[in-house]
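Single-structure report; data block below.
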Amino acid sequence: MSGKAWTVLGIETSCDETAASVVRGSAPGPGEILSNIVFSQTEAHAPYGGVVPEIASRAHLEILDTMIERALTDAGLSLAEVDGIAATAGPGLIGGVMVGLTTAKALALGAGKPLIAVNHLMGHAMTARMTHGVEFPFLLLLVSGGHCQLVGVGGPEDLHLYGSTIDDAVGEAFDKAAKILGLPYPGGPAVEQAAKTGNSRAYDLPRPMKGRDGADFSFSGLKTALRLLAQDGAKGGISVEDAAASFQAAVIESLIDRTRAGMALFRRDFPRGDVLVVAGGVAANQAIGAALAKLAGEEGFVTRIPPPKLCTDNAAMIAWAGVERLSAGRAGDALGLSPMARWPLAAPA
Ligand code: KG4
Ligand code: ZN
């Protein structure tokens, strides 16, 4: 770590996790997580098999102030002692983003601190700097419930989009697969668990986009193939474990092919770049992590994957994005800033 250490309070409310955290550090990291509190609303949404926006915003509103108090108490700090207040300003479910951003604005105004509006995806993208001090440039594979992208990151303002999904995000595909197979929500961990005891060669499922030009992803055809398999199986019976394993194997093969293509595009822009960062909730999947590590070895890359609880939604990554901003000497945002339901991380390269 070099330069002044900045202390930032982070707030995350863009989906179904209400989170607050205090992080201290300086770019390029690593940083110190002084507190990291995440309340997952999973139980509230479970009966619906997916996140219900209205329930999410109300739940954020009910507990966010307590979470912030706890994050400061755990860090042993008062609001007066932090250097800035960072909150997710998008992309995400607009009601939730409004709750977090408005709270951050009120705190920033009351305490006379800079407000730092953070792109949620930038939070995921920069996490490996907080955990591993990864220097620019790196290739980012962002795999979450809402996003599936390969981005070359030369710096916070130097982003190159090599590929993204043309339909479903990979986490979304896991969630839908779980629903099809009658596994609980959220789907990712449930499918991974079921796949552990299944035979990945039992069913022949498509490997979407494999071998295609560019580095885009697609998962909706795979989901449909799984649905058809399950419908046929309803007559004769299929093994849920085998289907989960076959589905996960297809996802992995597709992800590996697309990431290999992304690596070639990244090397064109950054010939000496050799770091692959994997971020987003799906990065918690160990089979995917192992396959990516193998690919990296073959292609002369090293992988950096933050620990699972920093891969899924959290506020430490938002606070860290604030640290990045202050380290770069950039000013805070205007209090009039609007929350954004859509906010792409990078324009196509
Ligand atoms: O990053 P995240 O917490 O939220 C956003 O979407 O921003 O990611 C959540 C997604 C869900 O779709 C969940 O099913 C998936 O990540 N996920 C996993 C695993 N753990 C979480 N997918 C596959 N394997 C896992 N172990
Ligand atoms: Zn996320």
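Naming scheme: A, B, ... for chains in displayed order of the structure tokens; residues 1 onward per chain; ligands 1 onward as shown.
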*Write out as a ChimeraX atom specification the residues lying within 10 Å of region 150-162 of chain A, counting only C-alpha atoms and excluding same-chain residues fewer than 6 positions away.*
/A:122,125-126,135-143,214-217,258-259,261-267,269-270,273,276-278,321,324-325,328,345-349
For the residues in that selection, give me C-alpha atoms as a PDB file, in the first residue's frame.
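selection-v1.pdb was written with the following content:
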ATOM      1  CA  MET A 122     -17.012  -1.408 -10.687  1.00  0.00           C
ATOM      2  CA  ALA A 125     -14.274  -5.298 -10.737  1.00  0.00           C
ATOM      3  CA  MET A 126     -11.989  -3.653  -8.153  1.00  0.00           C
ATOM      4  CA  GLU A 135      -2.169  -3.905 -10.429  1.00  0.00           C
ATOM      5  CA  PHE A 136      -3.638  -2.684 -13.737  1.00  0.00           C
ATOM      6  CA  PRO A 137      -4.092  -4.020 -16.347  1.00  0.00           C
ATOM      7  CA  PHE A 138      -6.121  -7.170 -15.729  1.00  0.00           C
ATOM      8  CA  LEU A 139      -8.738  -9.133 -17.577  1.00  0.00           C
ATOM      9  CA  LEU A 140     -11.988  -9.256 -15.643  1.00  0.00           C
ATOM     10  CA  LEU A 141     -14.487 -12.070 -15.974  1.00  0.00           C
ATOM     11  CA  LEU A 142     -17.567 -10.750 -14.216  1.00  0.00           C
ATOM     12  CA  VAL A 143     -20.067 -13.530 -13.603  1.00  0.00           C
ATOM     13  CA  GLY A 214     -15.616 -12.585 -30.443  1.00  0.00           C
ATOM     14  CA  ALA A 215     -16.112 -13.349 -26.769  1.00  0.00           C
ATOM     15  CA  ASP A 216     -19.866 -13.054 -26.240  1.00  0.00           C
ATOM     16  CA  PHE A 217     -21.816 -15.491 -24.081  1.00  0.00           C
ATOM     17  CA  ARG A 258     -15.283 -17.557 -24.185  1.00  0.00           C
ATOM     18  CA  THR A 259     -12.653 -16.601 -21.604  1.00  0.00           C
ATOM     19  CA  ALA A 261     -11.223 -15.810 -26.645  1.00  0.00           C
ATOM     20  CA  GLY A 262     -11.331 -12.845 -24.236  1.00  0.00           C
ATOM     21  CA  MET A 263      -7.701 -13.478 -23.252  1.00  0.00           C
ATOM     22  CA  ALA A 264      -6.635 -13.154 -26.902  1.00  0.00           C
ATOM     23  CA  LEU A 265      -8.523  -9.850 -27.257  1.00  0.00           C
ATOM     24  CA  PHE A 266      -7.027  -8.590 -23.978  1.00  0.00           C
ATOM     25  CA  ARG A 267      -3.486  -9.466 -25.101  1.00  0.00           C
ATOM     26  CA  ASP A 269      -4.681  -4.301 -26.075  1.00  0.00           C
ATOM     27  CA  PHE A 270      -2.270  -5.189 -23.249  1.00  0.00           C
ATOM     28  CA  GLY A 273      -1.134  -8.376 -19.278  1.00  0.00           C
ATOM     29  CA  LEU A 276      -7.332 -12.908 -14.853  1.00  0.00           C
ATOM     30  CA  VAL A 277      -9.645 -11.622 -12.132  1.00  0.00           C
ATOM     31  CA  VAL A 278     -12.905 -13.482 -11.608  1.00  0.00           C
ATOM     32  CA  ALA A 321     -14.320   1.639  -4.940  1.00  0.00           C
ATOM     33  CA  GLU A 324      -9.936   4.026  -5.283  1.00  0.00           C
ATOM     34  CA  ARG A 325     -11.681   7.297  -6.080  1.00  0.00           C
ATOM     35  CA  ALA A 328      -6.921   8.999  -7.410  1.00  0.00           C
ATOM     36  CA  LEU A 345     -19.556  -0.666 -16.994  1.00  0.00           C
ATOM     37  CA  ALA A 346     -17.955  -0.205 -20.389  1.00  0.00           C
ATOM     38  CA  ALA A 347     -18.995   0.581 -23.925  1.00  0.00           C
ATOM     39  CA  PRO A 348     -18.237  -2.131 -26.531  1.00  0.00           C
ATOM     40  CA  ALA A 349     -14.555  -2.077 -27.618  1.00  0.00           C
TER      41      ALA A 349
END
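Around Lys210 (chain A), within 9 Å and counting only C-alpha atoms, the residues found are A:Phe217, A:Glu253, A:Ser254, A:Leu255, A:Ile256, A:Asp257, A:Arg258, once anything fewer than 6 positions away on its own chain is removed.
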Would you give me, as CSV, each residue of chain A having an atom within 7 Å of an atom of ligand 1, along with its shortest atom pair and that distance in Å to one decimal, using only C-alpha atoms and all ligand atoms and sorting by chain and residue number?
residue,atom,partner,partner_atom_place_in_ligand_line,distance
A:Cys15,CA,ligand 1,7 (O),6.9
A:Ser144,CA,ligand 1,8 (O),4.0
A:Gly145,CA,ligand 1,6 (O),3.2
A:Gly146,CA,ligand 1,6 (O),4.5
A:His147,CA,ligand 1,6 (O),6.6
A:Gly171,CA,ligand 1,12 (O),3.3
A:Glu172,CA,ligand 1,12 (O),4.7
A:Phe174,CA,ligand 1,14 (O),5.6
A:Asp175,CA,ligand 1,14 (O),5.1
A:Pro186,CA,ligand 1,14 (O),4.9
A:Gly187,CA,ligand 1,14 (O),4.5
A:Gly188,CA,ligand 1,22 (N),3.3
A:Pro189,CA,ligand 1,26 (N),3.9
A:Val191,CA,ligand 1,24 (N),6.9
A:Glu192,CA,ligand 1,24 (N),5.5
A:Gly280,CA,ligand 1,1 (O),3.9
A:Gly281,CA,ligand 1,8 (O),3.3
A:Val282,CA,ligand 1,22 (N),3.8
A:Ala283,CA,ligand 1,19 (C),6.9
A:Ala284,CA,ligand 1,26 (N),4.8
A:Asn285,CA,ligand 1,26 (N),3.6
A:Gln286,CA,ligand 1,26 (N),6.8
A:Cys311,CA,ligand 1,1 (O),6.2
A:Thr312,CA,ligand 1,3 (O),3.4
A:Asp313,CA,ligand 1,3 (O),4.1
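In the backbone-derived DSSP annotation, strand (DSSP E or B) within region 113-263 of chain A comprises Leu115, Ile116, Ala117, Val118, Asn119, Phe138, Leu139, Leu140, Leu141, Leu142, Val143, Cys148, Gln149, Leu150, Val151, Gly152, Val153, Gly154, Gly155, Asp158, Leu159, His160, Leu161, Tyr162, Gly163, Ser164, Thr165 and Phe217 of chain A.
One distance worth recording is that between CA of Ile166 (chain A) and CA of Ser218 (chain A), which is 5.5 Å.
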*For region 97-99 of chain A, work out the shell of residues within 7 Å, counting only C-alpha atoms and skipping chain neighbours fewer than 5 positions away, then give it as a PyMOL selection string.*
chain A and resi 13-14+57+60-61+88-90+92+339
Selection to disk with N, CA, C and O atoms, as a PDB file, in the first residue's frame:
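New file result-v3.pdb:
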ATOM      1  N   THR A  13     -27.169  -1.741  -1.717  1.00  0.00           N
ATOM      2  CA  THR A  13     -28.588  -2.099  -1.631  1.00  0.00           C
ATOM      3  C   THR A  13     -29.194  -2.351  -3.019  1.00  0.00           C
ATOM      4  O   THR A  13     -30.393  -2.169  -3.211  1.00  0.00           O
ATOM      5  N   SER A  14     -28.375  -2.779  -3.988  1.00  0.00           N
ATOM      6  CA  SER A  14     -28.889  -2.806  -5.361  1.00  0.00           C
ATOM      7  C   SER A  14     -29.693  -4.044  -5.708  1.00  0.00           C
ATOM      8  O   SER A  14     -30.377  -4.085  -6.723  1.00  0.00           O
ATOM      9  N   SER A  57     -36.943  -3.444  -1.660  1.00  0.00           N
ATOM     10  CA  SER A  57     -36.748  -2.049  -1.234  1.00  0.00           C
ATOM     11  C   SER A  57     -37.252  -1.822   0.184  1.00  0.00           C
ATOM     12  O   SER A  57     -36.623  -1.129   0.974  1.00  0.00           O
ATOM     13  N   HIS A  60     -34.706  -3.243   2.616  1.00  0.00           N
ATOM     14  CA  HIS A  60     -33.522  -2.380   2.751  1.00  0.00           C
ATOM     15  C   HIS A  60     -33.837  -1.222   3.692  1.00  0.00           C
ATOM     16  O   HIS A  60     -33.064  -0.899   4.587  1.00  0.00           O
ATOM     17  N   LEU A  61     -34.995  -0.610   3.463  1.00  0.00           N
ATOM     18  CA  LEU A  61     -35.387   0.570   4.232  1.00  0.00           C
ATOM     19  C   LEU A  61     -35.486   0.251   5.722  1.00  0.00           C
ATOM     20  O   LEU A  61     -35.092   1.046   6.567  1.00  0.00           O
ATOM     21  N   THR A  88     -23.739   2.330  -3.711  1.00  0.00           N
ATOM     22  CA  THR A  88     -24.087   1.879  -5.063  1.00  0.00           C
ATOM     23  C   THR A  88     -25.159   2.805  -5.624  1.00  0.00           C
ATOM     24  O   THR A  88     -26.202   3.002  -5.004  1.00  0.00           O
ATOM     25  N   ALA A  89     -24.880   3.375  -6.807  1.00  0.00           N
ATOM     26  CA  ALA A  89     -25.848   4.275  -7.450  1.00  0.00           C
ATOM     27  C   ALA A  89     -26.479   3.597  -8.665  1.00  0.00           C
ATOM     28  O   ALA A  89     -27.214   4.210  -9.422  1.00  0.00           O
ATOM     29  N   GLY A  90     -26.142   2.330  -8.912  1.00  0.00           N
ATOM     30  CA  GLY A  90     -26.676   1.558 -10.022  1.00  0.00           C
ATOM     31  C   GLY A  90     -25.585   0.639 -10.525  1.00  0.00           C
ATOM     32  O   GLY A  90     -24.469   0.719 -10.019  1.00  0.00           O
ATOM     33  N   GLY A  92     -29.096  -1.687 -10.928  1.00  0.00           N
ATOM     34  CA  GLY A  92     -29.767  -2.571  -9.982  1.00  0.00           C
ATOM     35  C   GLY A  92     -31.245  -2.261  -9.918  1.00  0.00           C
ATOM     36  O   GLY A  92     -31.764  -1.498 -10.740  1.00  0.00           O
ATOM     37  N   PRO A 339     -30.140   8.017  -8.947  1.00  0.00           N
ATOM     38  CA  PRO A 339     -29.843   6.584  -9.048  1.00  0.00           C
ATOM     39  C   PRO A 339     -30.099   6.092 -10.474  1.00  0.00           C
ATOM     40  O   PRO A 339     -30.948   6.657 -11.167  1.00  0.00           O
TER      41      PRO A 339
END
_According to DSSP computed on the backbone, where in region 150-334 of chain A is there helix (DSSP H, G or I)? Give the residues as JSON, numbers by chain._
{"A": [170, 171, 172, 173, 174, 175, 176, 177, 178, 179, 180, 181, 187, 188, 189, 190, 191, 192, 193, 194, 195, 196, 220, 221, 222, 223, 224, 225, 226, 227, 228, 229, 230, 231, 232, 233, 234, 235, 236, 240, 241, 242, 243, 244, 245, 246, 247, 248, 249, 250, 251, 252, 253, 254, 255, 256, 257, 258, 259, 260, 261, 262, 263, 264, 265, 266, 267, 268, 269, 281, 282, 283, 284, 286, 287, 288, 289, 290, 291, 292, 293, 294, 295, 296, 297, 298, 299, 308, 309, 310, 311, 316, 317, 318, 319, 320, 321, 322, 323, 324, 325, 326, 327]}
*If you count only C-alpha atoms, which residues fall within 9 Å of region 244-252 of chain A, apart from same-chain ones fewer than 2 positions away, as a PyMOL selection string?*
chain A and resi 170+173-174+177-178+181+191-208+219+222-223+226+239-242+254-257+287-288+291-292
Just N, CA, C and O atoms for this one: save the residues we selected as a compact mmCIF listing (two decimals), in the first residue's frame.
# COMPACT_ATOMS: atom_id res chain seq x y z
N VAL A 170 -24.86 -15.70 -16.44
CA VAL A 170 -24.57 -17.08 -16.04
C VAL A 170 -25.21 -17.43 -14.69
O VAL A 170 -25.74 -18.54 -14.52
N ALA A 173 -28.70 -18.21 -15.28
CA ALA A 173 -28.84 -19.55 -15.86
C ALA A 173 -28.82 -20.60 -14.74
O ALA A 173 -29.62 -21.55 -14.75
N PHE A 174 -27.91 -20.43 -13.77
CA PHE A 174 -27.88 -21.36 -12.63
C PHE A 174 -29.19 -21.29 -11.86
O PHE A 174 -29.74 -22.33 -11.45
N ALA A 177 -31.87 -23.00 -13.89
CA ALA A 177 -31.63 -24.45 -13.92
C ALA A 177 -32.12 -25.07 -12.61
O ALA A 177 -32.75 -26.14 -12.61
N ALA A 178 -31.85 -24.38 -11.50
CA ALA A 178 -32.27 -24.91 -10.19
C ALA A 178 -33.80 -25.03 -10.15
O ALA A 178 -34.34 -26.03 -9.68
N LEU A 181 -34.94 -27.96 -12.10
CA LEU A 181 -34.61 -29.23 -11.46
C LEU A 181 -35.25 -29.39 -10.08
O LEU A 181 -35.01 -30.37 -9.38
N VAL A 191 -27.17 -25.96 -7.29
CA VAL A 191 -26.77 -26.74 -8.47
C VAL A 191 -25.35 -27.26 -8.27
O VAL A 191 -25.05 -28.43 -8.56
N GLU A 192 -24.46 -26.41 -7.75
CA GLU A 192 -23.08 -26.85 -7.52
C GLU A 192 -23.05 -28.05 -6.57
O GLU A 192 -22.34 -29.03 -6.81
N GLN A 193 -23.84 -27.96 -5.52
CA GLN A 193 -23.87 -29.05 -4.53
C GLN A 193 -24.39 -30.34 -5.16
O GLN A 193 -23.77 -31.40 -5.02
N ALA A 194 -25.50 -30.24 -5.91
CA ALA A 194 -26.08 -31.44 -6.54
C ALA A 194 -25.11 -32.03 -7.56
O ALA A 194 -24.98 -33.25 -7.70
N ALA A 195 -24.39 -31.14 -8.27
CA ALA A 195 -23.47 -31.59 -9.33
C ALA A 195 -22.32 -32.43 -8.76
O ALA A 195 -21.77 -33.28 -9.47
N LYS A 196 -22.00 -32.20 -7.49
CA LYS A 196 -20.86 -32.89 -6.89
C LYS A 196 -21.00 -34.41 -6.93
O LYS A 196 -20.01 -35.12 -7.07
N THR A 197 -22.24 -34.89 -6.80
CA THR A 197 -22.43 -36.34 -6.78
C THR A 197 -23.01 -36.86 -8.10
O THR A 197 -23.41 -38.02 -8.20
N GLY A 198 -23.08 -35.98 -9.11
CA GLY A 198 -23.65 -36.39 -10.39
C GLY A 198 -22.61 -36.72 -11.44
O GLY A 198 -21.42 -36.41 -11.27
N ASN A 199 -23.06 -37.36 -12.51
CA ASN A 199 -22.18 -37.70 -13.64
C ASN A 199 -22.34 -36.62 -14.72
O ASN A 199 -23.41 -36.49 -15.31
N SER A 200 -21.27 -35.90 -14.98
CA SER A 200 -21.36 -34.76 -15.89
C SER A 200 -21.49 -35.19 -17.35
O SER A 200 -21.75 -34.37 -18.23
N ARG A 201 -21.31 -36.50 -17.61
CA ARG A 201 -21.46 -36.98 -19.01
C ARG A 201 -22.81 -37.67 -19.22
O ARG A 201 -23.08 -38.19 -20.30
N ALA A 202 -23.64 -37.66 -18.20
CA ALA A 202 -24.90 -38.40 -18.29
C ALA A 202 -25.81 -37.87 -19.39
O ALA A 202 -26.45 -38.64 -20.11
N TYR A 203 -25.87 -36.55 -19.53
CA TYR A 203 -26.77 -35.96 -20.54
C TYR A 203 -25.97 -35.04 -21.45
O TYR A 203 -25.09 -34.31 -20.99
N ASP A 204 -26.35 -35.09 -22.73
CA ASP A 204 -25.63 -34.32 -23.73
C ASP A 204 -26.30 -32.95 -23.90
O ASP A 204 -27.35 -32.86 -24.52
N LEU A 205 -25.72 -31.91 -23.32
CA LEU A 205 -26.31 -30.57 -23.42
C LEU A 205 -25.41 -29.68 -24.28
O LEU A 205 -24.21 -29.91 -24.37
N PRO A 206 -25.99 -28.65 -24.92
CA PRO A 206 -25.18 -27.80 -25.82
C PRO A 206 -24.13 -26.97 -25.08
O PRO A 206 -24.28 -26.69 -23.89
N ARG A 207 -23.07 -26.60 -25.80
CA ARG A 207 -22.02 -25.71 -25.28
C ARG A 207 -22.18 -24.39 -26.00
O ARG A 207 -21.56 -24.17 -27.06
N PRO A 208 -23.02 -23.46 -25.50
CA PRO A 208 -23.38 -22.28 -26.28
C PRO A 208 -22.17 -21.41 -26.65
O PRO A 208 -21.27 -21.22 -25.82
N PHE A 219 -26.68 -18.17 -22.72
CA PHE A 219 -27.04 -19.31 -21.87
C PHE A 219 -28.50 -19.73 -22.01
O PHE A 219 -28.90 -20.73 -21.43
N LEU A 222 -29.07 -23.24 -23.57
CA LEU A 222 -28.71 -24.31 -22.64
C LEU A 222 -29.83 -24.56 -21.63
O LEU A 222 -30.20 -25.70 -21.33
N LYS A 223 -30.40 -23.45 -21.17
CA LYS A 223 -31.52 -23.53 -20.22
C LYS A 223 -32.70 -24.26 -20.87
O LYS A 223 -33.32 -25.14 -20.26
N LEU A 226 -32.08 -27.91 -21.10
CA LEU A 226 -32.27 -28.54 -19.79
C LEU A 226 -33.76 -28.71 -19.48
O LEU A 226 -34.19 -29.74 -18.95
N SER A 239 -32.08 -38.18 -13.31
CA SER A 239 -31.36 -37.95 -12.06
C SER A 239 -31.05 -36.47 -11.96
O SER A 239 -30.42 -35.88 -12.85
N VAL A 240 -31.52 -35.84 -10.88
CA VAL A 240 -31.28 -34.41 -10.67
C VAL A 240 -29.78 -34.15 -10.56
O VAL A 240 -29.25 -33.19 -11.12
N GLU A 241 -29.06 -35.04 -9.87
CA GLU A 241 -27.62 -34.86 -9.70
C GLU A 241 -26.90 -34.92 -11.04
O GLU A 241 -26.04 -34.10 -11.34
N ASP A 242 -27.27 -35.92 -11.87
CA ASP A 242 -26.64 -36.05 -13.18
C ASP A 242 -26.97 -34.85 -14.06
O ASP A 242 -26.11 -34.34 -14.79
N SER A 254 -18.44 -23.70 -21.94
CA SER A 254 -18.76 -22.47 -22.64
C SER A 254 -17.97 -21.29 -22.05
O SER A 254 -17.36 -20.49 -22.78
N LEU A 255 -17.95 -21.19 -20.73
CA LEU A 255 -17.21 -20.10 -20.06
C LEU A 255 -15.72 -20.14 -20.40
O LEU A 255 -15.10 -19.10 -20.64
N ILE A 256 -15.16 -21.34 -20.42
CA ILE A 256 -13.72 -21.49 -20.68
C ILE A 256 -13.41 -21.07 -22.12
O ILE A 256 -12.45 -20.33 -22.37
N ASP A 257 -14.25 -21.51 -23.05
CA ASP A 257 -14.03 -21.15 -24.45
C ASP A 257 -14.10 -19.63 -24.64
O ASP A 257 -13.26 -19.02 -25.30
N ALA A 287 -15.92 -25.49 -8.92
CA ALA A 287 -15.62 -26.20 -10.17
C ALA A 287 -15.27 -25.19 -11.26
O ALA A 287 -14.34 -25.41 -12.07
N ILE A 288 -15.97 -24.08 -11.29
CA ILE A 288 -15.68 -23.03 -12.27
C ILE A 288 -14.31 -22.43 -11.97
O ILE A 288 -13.49 -22.23 -12.88
N ALA A 291 -11.57 -24.79 -13.16
CA ALA A 291 -11.45 -24.83 -14.62
C ALA A 291 -10.77 -23.57 -15.14
O ALA A 291 -9.95 -23.62 -16.07
N LEU A 292 -11.09 -22.43 -14.53
CA LEU A 292 -10.47 -21.18 -14.95
C LEU A 292 -8.99 -21.15 -14.59
O LEU A 292 -8.16 -20.64 -15.35
